[in-house]
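Asker: What follows is a structure written as structure tokens; I'll ask about it next.
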Amino acid sequence: MIFNHIAQHATIYTTLATSDVLHILKEKMFVSLKQTIMEELLHEAHDLDQELLVVYTLHELLGLIFHWIESDFAHSAAYMQEQLVKILLHRPSNMTMTIKTTY
């Protein structure tokens with residue numbers, strides 16, 4: 001999976017993530033993944049704008065990937081893959097939030 005690929009090429013991704021090309025790298029990964037998903041995957045959520053769903057999901061995934069790289073690969077690729085699956089399955093339908101305010 002994607003975490004195994006990144007772990008196998010950790011030196012390259014670490015160098016890219018800490019260089020001036022980070023923004024370009026993120027954009028190229030985003031565009032490539034978005035195109036692949038939009039062309040090759042079927043989405044069952046007919047009441048959602050498919051492009052918005054893909055964009056949201058990709059930002060989640062890329063945020064997790066770049067956090068992992070920036071944390072110097074604090075967890076194994078297998079652990080990251082396991083956590084990604086758990087995160088994707090954890091979509092509570094009735095989620096409530098409380099805003100903490102300090103005065």
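Every chain in the structure tokens has a letter given in the order shown (A, B, ...), and although residue numbers restart at 1 in each chain, ligands are simply numbered from 1 in the order shown.
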From a DSSP calculation on the backbone, collect every residue of chain A in alpha helix (DSSP H) and output the set as an mmCIF file with N, CA and C atoms, in the first residue's frame.

Answerer:
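Generated output (result.cif):
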data_model
loop_
_atom_site.group_PDB
_atom_site.id
_atom_site.type_symbol
_atom_site.label_atom_id
_atom_site.label_comp_id
_atom_site.auth_asym_id
_atom_site.auth_seq_id
_atom_site.Cartn_x
_atom_site.Cartn_y
_atom_site.Cartn_z
ATOM 1 N N ILE A 2 0.250 2.364 0.113
ATOM 2 C CA ILE A 2 0.960 3.635 -0.013
ATOM 3 C C ILE A 2 1.995 3.827 1.097
ATOM 4 N N PHE A 3 1.684 3.374 2.313
ATOM 5 C CA PHE A 3 2.636 3.549 3.408
ATOM 6 C C PHE A 3 3.879 2.684 3.208
ATOM 7 N N ASN A 4 3.703 1.488 2.658
ATOM 8 C CA ASN A 4 4.865 0.636 2.361
ATOM 9 C C ASN A 4 5.763 1.296 1.319
ATOM 10 N N HIS A 5 5.156 1.847 0.286
ATOM 11 C CA HIS A 5 5.928 2.525 -0.758
ATOM 12 C C HIS A 5 6.738 3.684 -0.164
ATOM 13 N N ILE A 6 6.087 4.491 0.643
ATOM 14 C CA ILE A 6 6.771 5.649 1.235
ATOM 15 C C ILE A 6 7.877 5.198 2.181
ATOM 16 N N ALA A 7 7.607 4.155 2.971
ATOM 17 C CA ALA A 7 8.629 3.642 3.893
ATOM 18 C C ALA A 7 9.837 3.110 3.121
ATOM 19 N N GLN A 8 9.602 2.428 2.007
ATOM 20 C CA GLN A 8 10.701 1.897 1.195
ATOM 21 C C GLN A 8 11.547 3.008 0.584
ATOM 22 N N ALA A 10 11.865 6.135 2.049
ATOM 23 C CA ALA A 10 11.819 7.134 3.124
ATOM 24 C C ALA A 10 12.834 8.252 2.937
ATOM 25 N N THR A 11 14.019 7.916 2.506
ATOM 26 C CA THR A 11 15.054 8.942 2.326
ATOM 27 C C THR A 11 14.625 9.975 1.292
ATOM 28 N N ILE A 12 14.077 9.510 0.196
ATOM 29 C CA ILE A 12 13.643 10.428 -0.863
ATOM 30 C C ILE A 12 12.507 11.312 -0.363
ATOM 31 N N TYR A 13 11.498 10.689 0.273
ATOM 32 C CA TYR A 13 10.351 11.467 0.741
ATOM 33 C C TYR A 13 10.740 12.443 1.853
ATOM 34 N N THR A 14 11.651 12.038 2.714
ATOM 35 C CA THR A 14 12.110 12.942 3.769
ATOM 36 C C THR A 14 12.836 14.131 3.163
ATOM 37 N N THR A 15 13.694 13.877 2.205
ATOM 38 C CA THR A 15 14.415 14.962 1.529
ATOM 39 C C THR A 15 13.445 15.907 0.842
ATOM 40 N N LEU A 16 12.484 15.343 0.130
ATOM 41 C CA LEU A 16 11.502 16.184 -0.565
ATOM 42 C C LEU A 16 10.648 16.975 0.417
ATOM 43 N N ALA A 17 10.257 16.340 1.516
ATOM 44 C CA ALA A 17 9.379 16.996 2.488
ATOM 45 C C ALA A 17 10.074 18.132 3.218
ATOM 46 N N LEU A 22 8.376 20.952 -1.394
ATOM 47 C CA LEU A 22 7.294 20.299 -0.663
ATOM 48 C C LEU A 22 5.933 20.648 -1.246
ATOM 49 N N HIS A 23 5.700 21.907 -1.494
ATOM 50 C CA HIS A 23 4.401 22.325 -2.029
ATOM 51 C C HIS A 23 4.140 21.679 -3.390
ATOM 52 N N ILE A 24 5.154 21.649 -4.228
ATOM 53 C CA ILE A 24 5.017 21.047 -5.560
ATOM 54 C C ILE A 24 4.749 19.552 -5.432
ATOM 55 N N LEU A 25 5.462 18.891 -4.517
ATOM 56 C CA LEU A 25 5.264 17.463 -4.300
ATOM 57 C C LEU A 25 3.830 17.166 -3.860
ATOM 58 N N LYS A 26 3.340 17.920 -2.899
ATOM 59 C CA LYS A 26 1.971 17.713 -2.417
ATOM 60 C C LYS A 26 0.962 17.920 -3.540
ATOM 61 N N GLU A 27 1.156 18.956 -4.329
ATOM 62 C CA GLU A 27 0.228 19.255 -5.421
ATOM 63 C C GLU A 27 0.241 18.157 -6.479
ATOM 64 N N LYS A 28 1.430 17.681 -6.849
ATOM 65 C CA LYS A 28 1.525 16.628 -7.861
ATOM 66 C C LYS A 28 0.897 15.330 -7.358
ATOM 67 N N MET A 29 1.128 14.992 -6.097
ATOM 68 C CA MET A 29 0.517 13.795 -5.531
ATOM 69 C C MET A 29 -1.002 13.936 -5.520
ATOM 70 N N PHE A 30 -1.479 15.105 -5.114
ATOM 71 C CA PHE A 30 -2.916 15.352 -5.044
ATOM 72 C C PHE A 30 -3.564 15.210 -6.420
ATOM 73 N N VAL A 31 -3.003 15.868 -7.412
ATOM 74 C CA VAL A 31 -3.579 15.849 -8.760
ATOM 75 C C VAL A 31 -3.570 14.428 -9.320
ATOM 76 N N SER A 32 -2.480 13.716 -9.145
ATOM 77 C CA SER A 32 -2.370 12.359 -9.661
ATOM 78 C C SER A 32 -3.378 11.423 -8.998
ATOM 79 N N LEU A 33 -3.458 11.470 -7.683
ATOM 80 C CA LEU A 33 -4.401 10.615 -6.962
ATOM 81 C C LEU A 33 -5.847 10.982 -7.287
ATOM 82 N N LYS A 34 -6.129 12.266 -7.381
ATOM 83 C CA LYS A 34 -7.490 12.701 -7.694
ATOM 84 C C LYS A 34 -7.918 12.186 -9.063
ATOM 85 N N GLN A 35 -7.056 12.324 -10.033
ATOM 86 C CA GLN A 35 -7.369 11.866 -11.383
ATOM 87 C C GLN A 35 -7.630 10.361 -11.386
ATOM 88 N N THR A 36 -6.783 9.603 -10.710
ATOM 89 C CA THR A 36 -6.953 8.154 -10.649
ATOM 90 C C THR A 36 -8.270 7.777 -9.994
ATOM 91 N N ILE A 37 -8.573 8.396 -8.877
ATOM 92 C CA ILE A 37 -9.805 8.078 -8.155
ATOM 93 C C ILE A 37 -11.032 8.461 -8.965
ATOM 94 N N MET A 38 -11.028 9.624 -9.544
ATOM 95 C CA MET A 38 -12.187 10.089 -10.312
ATOM 96 C C MET A 38 -12.436 9.204 -11.542
ATOM 97 N N GLU A 39 -11.367 8.681 -12.139
ATOM 98 C CA GLU A 39 -11.507 7.879 -13.352
ATOM 99 C C GLU A 39 -11.789 6.410 -13.077
ATOM 100 N N GLU A 40 -11.255 5.882 -11.979
ATOM 101 C CA GLU A 40 -11.266 4.436 -11.816
ATOM 102 C C GLU A 40 -12.146 3.889 -10.697
ATOM 103 N N GLN A 50 -19.357 14.090 -5.858
ATOM 104 C CA GLN A 50 -18.253 13.134 -5.911
ATOM 105 C C GLN A 50 -16.886 13.814 -5.921
ATOM 106 N N GLU A 51 -16.772 14.913 -6.624
ATOM 107 C CA GLU A 51 -15.486 15.606 -6.655
ATOM 108 C C GLU A 51 -15.140 16.165 -5.279
ATOM 109 N N LEU A 52 -16.109 16.745 -4.596
ATOM 110 C CA LEU A 52 -15.855 17.266 -3.252
ATOM 111 C C LEU A 52 -15.475 16.145 -2.280
ATOM 112 N N LEU A 53 -16.133 15.003 -2.405
ATOM 113 C CA LEU A 53 -15.812 13.856 -1.562
ATOM 114 C C LEU A 53 -14.376 13.393 -1.804
ATOM 115 N N VAL A 54 -13.975 13.318 -3.068
ATOM 116 C CA VAL A 54 -12.615 12.897 -3.409
ATOM 117 C C VAL A 54 -11.592 13.907 -2.888
ATOM 118 N N VAL A 55 -11.848 15.180 -3.091
ATOM 119 C CA VAL A 55 -10.923 16.224 -2.632
ATOM 120 C C VAL A 55 -10.766 16.166 -1.115
ATOM 121 N N TYR A 56 -11.867 16.044 -0.394
ATOM 122 C CA TYR A 56 -11.831 15.968 1.071
ATOM 123 C C TYR A 56 -11.025 14.752 1.523
ATOM 124 N N THR A 57 -11.309 13.603 0.929
ATOM 125 C CA THR A 57 -10.642 12.361 1.319
ATOM 126 C C THR A 57 -9.148 12.415 1.025
ATOM 127 N N LEU A 58 -8.782 12.971 -0.121
ATOM 128 C CA LEU A 58 -7.362 13.066 -0.463
ATOM 129 C C LEU A 58 -6.603 13.983 0.484
ATOM 130 N N HIS A 59 -7.216 15.080 0.882
ATOM 131 C CA HIS A 59 -6.536 15.964 1.833
ATOM 132 C C HIS A 59 -6.343 15.273 3.177
ATOM 133 N N GLU A 60 -7.314 14.461 3.573
ATOM 134 C CA GLU A 60 -7.144 13.672 4.798
ATOM 135 C C GLU A 60 -5.956 12.733 4.669
ATOM 136 N N LEU A 61 -5.921 11.989 3.575
ATOM 137 C CA LEU A 61 -4.867 11.005 3.355
ATOM 138 C C LEU A 61 -3.497 11.672 3.258
ATOM 139 N N LEU A 62 -3.389 12.712 2.448
ATOM 140 C CA LEU A 62 -2.096 13.383 2.286
ATOM 141 C C LEU A 62 -1.653 14.058 3.577
ATOM 142 N N GLY A 63 -2.597 14.587 4.338
ATOM 143 C CA GLY A 63 -2.250 15.167 5.637
ATOM 144 C C GLY A 63 -1.653 14.127 6.558
ATOM 145 N N LEU A 64 -2.235 12.932 6.571
ATOM 146 C CA LEU A 64 -1.721 11.848 7.395
ATOM 147 C C LEU A 64 -0.340 11.397 6.917
ATOM 148 N N ILE A 65 -0.190 11.270 5.623
ATOM 149 C CA ILE A 65 1.101 10.856 5.060
ATOM 150 C C ILE A 65 2.196 11.860 5.396
ATOM 151 N N PHE A 66 1.933 13.138 5.175
ATOM 152 C CA PHE A 66 2.980 14.131 5.421
ATOM 153 C C PHE A 66 3.245 14.320 6.913
ATOM 154 N N HIS A 67 2.249 14.113 7.738
ATOM 155 C CA HIS A 67 2.491 14.123 9.188
ATOM 156 C C HIS A 67 3.438 12.986 9.560
ATOM 157 N N TRP A 68 3.222 11.814 8.976
ATOM 158 C CA TRP A 68 4.059 10.652 9.239
ATOM 159 C C TRP A 68 5.498 10.919 8.798
ATOM 160 N N ILE A 69 5.663 11.499 7.613
ATOM 161 C CA ILE A 69 7.006 11.822 7.129
ATOM 162 C C ILE A 69 7.662 12.851 8.046
ATOM 163 N N GLU A 70 6.917 13.909 8.383
ATOM 164 C CA GLU A 70 7.474 14.989 9.209
ATOM 165 C C GLU A 70 7.762 14.537 10.634
ATOM 166 N N ALA A 77 4.984 1.276 8.787
ATOM 167 C CA ALA A 77 4.029 1.369 7.681
ATOM 168 C C ALA A 77 2.789 0.529 7.978
ATOM 169 N N ALA A 78 2.978 -0.634 8.576
ATOM 170 C CA ALA A 78 1.838 -1.498 8.906
ATOM 171 C C ALA A 78 0.917 -0.815 9.911
ATOM 172 N N TYR A 79 1.495 -0.153 10.902
ATOM 173 C CA TYR A 79 0.693 0.562 11.897
ATOM 174 C C TYR A 79 -0.084 1.700 11.251
ATOM 175 N N MET A 80 0.570 2.435 10.358
ATOM 176 C CA MET A 80 -0.093 3.552 9.685
ATOM 177 C C MET A 80 -1.244 3.047 8.821
ATOM 178 N N GLN A 81 -1.025 1.942 8.116
ATOM 179 C CA GLN A 81 -2.082 1.371 7.289
ATOM 180 C C GLN A 81 -3.261 0.935 8.165
ATOM 181 N N GLU A 82 -2.950 0.291 9.287
ATOM 182 C CA GLU A 82 -3.997 -0.148 10.221
ATOM 183 C C GLU A 82 -4.786 1.045 10.752
ATOM 184 N N GLN A 83 -4.090 2.086 11.132
ATOM 185 C CA GLN A 83 -4.758 3.281 11.654
ATOM 186 C C GLN A 83 -5.596 3.961 10.570
ATOM 187 N N LEU A 84 -5.107 3.990 9.346
ATOM 188 C CA LEU A 84 -5.875 4.580 8.256
ATOM 189 C C LEU A 84 -7.204 3.843 8.078
ATOM 190 N N VAL A 85 -7.155 2.522 8.098
ATOM 191 C CA VAL A 85 -8.385 1.740 7.965
ATOM 192 C C VAL A 85 -9.337 2.055 9.110
ATOM 193 N N LYS A 86 -8.818 2.113 10.326
ATOM 194 C CA LYS A 86 -9.664 2.436 11.484
ATOM 195 C C LYS A 86 -10.256 3.835 11.364
ATOM 196 N N ILE A 87 -9.471 4.776 10.895
ATOM 197 C CA ILE A 87 -9.960 6.149 10.716
ATOM 198 C C ILE A 87 -11.066 6.180 9.671
ATOM 199 N N LEU A 88 -10.860 5.462 8.572
ATOM 200 C CA LEU A 88 -11.872 5.447 7.509
ATOM 201 C C LEU A 88 -13.168 4.792 7.966
ATOM 202 N N LEU A 89 -13.063 3.805 8.835
ATOM 203 C CA LEU A 89 -14.255 3.131 9.333
ATOM 204 C C LEU A 89 -14.939 3.894 10.464
#

Asker: Kindly give the distance, in Å, that separates atom CA of A:His9 and atom CA of A:Phe73, rounded to a single decimal.

Answerer: 11.5 Å
